[in-house]
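Enquirer: One structure, as structure tokens, below. Some questions next.
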Amino acid sequence: MIILDEITPFAKGGNRICFVHPNNPGRCLKVVHPGLLNEIKKNKSWYKRFRSIKSFDDNLREQQAYNQRALRKGDPAIWSHLAKWYGMTETNIGMASETELITNGDEIAETLETYLFREGITEEIKLSIEKFQTWLREHLILTKNLIPHNLVLGYENDKIVIKIIDGLGSQAFIPLPNYSDFFAKRYVERRIELMWSRINWDLSGRHGNWK
Ligand SMILES: Nc1ncnc2c1ncn2[C@@H]1O[C@H](COP(=O)(O)OP(=O)(O)O)[C@@H](O)[C@H]1O
Ligand SMILES: [Mg+2]
């Protein structure tokens, strides 16, 4: 079992804390905030409604998402814009998802959000977003809404390469995109459209509703 007590997390999201894997600097371990699941459990009315605490676990949701049709095809190009998945790993603070740590040289990659707040929409970032969109359309990767803080900027041959590190999966209520290319195409187009409205909302000072 991996002990994470002595290690300072490099980031925290709304749901999970992220560590560099102590035995493998190329990998990231994410644990659902200790306490978060218990908080939900304590709130009995919620717990009763959903029964299983598992339905709140982002790591389990992600594990299922990595098992989606598009990713089972075995085409290596699948990984060009997605952190690789290495399964679940036991740690002393709970089960962790183990994924590829995206870096920029010796640094941990910054998010698209950080970049946009600093630089705005540059030609360089526009190009890398276009490449990312082409990949989404080509492979019909199902994601939840693509939010700039869930996308990070890796570098390959001095070019920015956008990588999904959170938010894989589908938020369609009826899971047609999981089974049919026709519905998957429509679904992916809508995610791209909404990604741009979120980017523009972020850049315009977040007034009103972004959707
Ligand atoms: N594989 C990764 N490589 C580099 N940075 C990452 C990686 N995973 C997460 N991060 C950083 O950690 C932050 C929080 O991780 P995230 O998976 O989004 O947590 P949450 O599920 O709580 O939203 C991200 O916004 C990003 O800055
Ligand atoms: Mg996140």
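Following the order of the structure tokens, chains are lettered A, B, ..., residues in each are numbered from 1, and ligands are numbered from 1.
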Counting only C-alpha atoms and all ligand atoms, what are the residues, protein, DNA or RNA alike, that approach ligand 1 to within 6 Å? I want them as a ChimeraX atom specification.
Expert: /A:11-16,18,28,83,99-102,108-109,111,149-150,165-166
Enquirer: Would you mind listing what lies within 7 Å of region 193-205 of chain A as number ranges by chain, with only C-alpha atoms counted and same-chain residues fewer than 4 positions away left out?
Expert: A: 117, 145-148, 189, 210-211
Enquirer: Write down as an MDAnalysis selection string the residues of region 132-182 of chain A whose backbone DSSP state falls under strand (DSSP E or B).
Expert: chainID A and resid 143 151:156 159:164 168
Enquirer: Take CA of Thr103 (chain A) and CA of Ile129 (chain A) and report the distance between them in Å, one decimal.
Expert: 17.8 Å
Enquirer: Report as a ChimeraX atom specification all protein, DNA and RNA residues lying within 10 Å of region 75-79 of chain A, evaluated on only C-alpha atoms, omitting residues in the same chain fewer than 3 positions from it.
Expert: /A:70-72,82-85,135-136,138-141,163-164
Enquirer: Include N, CA and C atoms and write out the residues we just selected as an mmCIF file, in the first residue's frame.
Expert:
```cif
data_model
loop_
_atom_site.group_PDB
_atom_site.id
_atom_site.type_symbol
_atom_site.label_atom_id
_atom_site.label_comp_id
_atom_site.auth_asym_id
_atom_site.auth_seq_id
_atom_site.Cartn_x
_atom_site.Cartn_y
_atom_site.Cartn_z
ATOM 1 N N ALA A 70 -14.890 4.048 -27.533
ATOM 2 C CA ALA A 70 -13.826 4.653 -28.341
ATOM 3 C C ALA A 70 -12.436 4.260 -27.833
ATOM 4 N N LEU A 71 -12.298 4.072 -26.531
ATOM 5 C CA LEU A 71 -10.986 3.796 -25.950
ATOM 6 C C LEU A 71 -10.652 2.305 -25.963
ATOM 7 N N ARG A 72 -11.640 1.486 -26.255
ATOM 8 C CA ARG A 72 -11.385 0.032 -26.265
ATOM 9 C C ARG A 72 -10.843 -0.437 -27.605
ATOM 10 N N LEU A 82 -5.170 12.616 -24.060
ATOM 11 C CA LEU A 82 -5.808 12.072 -22.864
ATOM 12 C C LEU A 82 -4.748 11.461 -21.955
ATOM 13 N N ALA A 83 -4.788 11.829 -20.656
ATOM 14 C CA ALA A 83 -3.860 11.222 -19.695
ATOM 15 C C ALA A 83 -4.102 9.713 -19.675
ATOM 16 N N LYS A 84 -3.024 8.945 -19.745
ATOM 17 C CA LYS A 84 -3.190 7.479 -19.742
ATOM 18 C C LYS A 84 -3.703 7.005 -18.390
ATOM 19 N N TRP A 85 -4.394 5.893 -18.419
ATOM 20 C CA TRP A 85 -5.033 5.325 -17.230
ATOM 21 C C TRP A 85 -4.277 4.077 -16.778
ATOM 22 N N TRP A 135 -9.236 15.702 -32.907
ATOM 23 C CA TRP A 135 -9.085 14.390 -32.244
ATOM 24 C C TRP A 135 -10.403 13.932 -31.617
ATOM 25 N N LEU A 136 -11.110 14.856 -30.943
ATOM 26 C CA LEU A 136 -12.400 14.499 -30.333
ATOM 27 C C LEU A 136 -13.371 13.972 -31.397
ATOM 28 N N GLU A 138 -12.607 12.821 -34.481
ATOM 29 C CA GLU A 138 -12.126 11.626 -35.170
ATOM 30 C C GLU A 138 -12.410 10.362 -34.350
ATOM 31 N N HIS A 139 -12.156 10.449 -33.059
ATOM 32 C CA HIS A 139 -12.271 9.232 -32.230
ATOM 33 C C HIS A 139 -13.590 9.166 -31.455
ATOM 34 N N LEU A 140 -14.375 10.217 -31.552
ATOM 35 C CA LEU A 140 -15.656 10.288 -30.829
ATOM 36 C C LEU A 140 -15.497 9.960 -29.348
ATOM 37 N N ILE A 141 -14.598 10.702 -28.722
ATOM 38 C CA ILE A 141 -14.335 10.549 -27.297
ATOM 39 C C ILE A 141 -15.471 11.221 -26.526
ATOM 40 N N LYS A 163 -4.415 18.102 -23.074
ATOM 41 C CA LYS A 163 -4.719 16.763 -22.547
ATOM 42 C C LYS A 163 -5.890 16.836 -21.568
ATOM 43 N N ILE A 164 -6.795 15.892 -21.691
ATOM 44 C CA ILE A 164 -7.896 15.773 -20.718
ATOM 45 C C ILE A 164 -7.359 15.066 -19.485
#
```
Enquirer: Near Glu90 (chain A), within 9 Å and counting only C-alpha atoms, which residues show up once chain neighbours fewer than 5 positions away are dropped, as a compact mmCIF listing (two decimals) with N, CA and C atoms, in the first residue's frame?
Expert:
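New file around_18.txt:
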```txt
# COMPACT_ATOMS: atom_id res chain seq x y z
N MET A 1 0.85 -1.21 0.00
CA MET A 1 0.00 0.00 0.00
C MET A 1 0.88 1.25 0.00
N ILE A 2 0.45 2.25 -0.71
CA ILE A 2 1.24 3.48 -0.79
C ILE A 2 0.86 4.45 0.33
N MET A 95 -8.66 4.63 -1.90
CA MET A 95 -8.30 4.18 -3.25
C MET A 95 -7.96 5.39 -4.11
N ALA A 96 -6.90 5.25 -4.88
CA ALA A 96 -6.49 6.34 -5.77
C ALA A 96 -6.61 5.88 -7.21
N SER A 97 -6.92 6.82 -8.10
CA SER A 97 -6.79 6.50 -9.52
C SER A 97 -5.36 6.85 -9.90
```
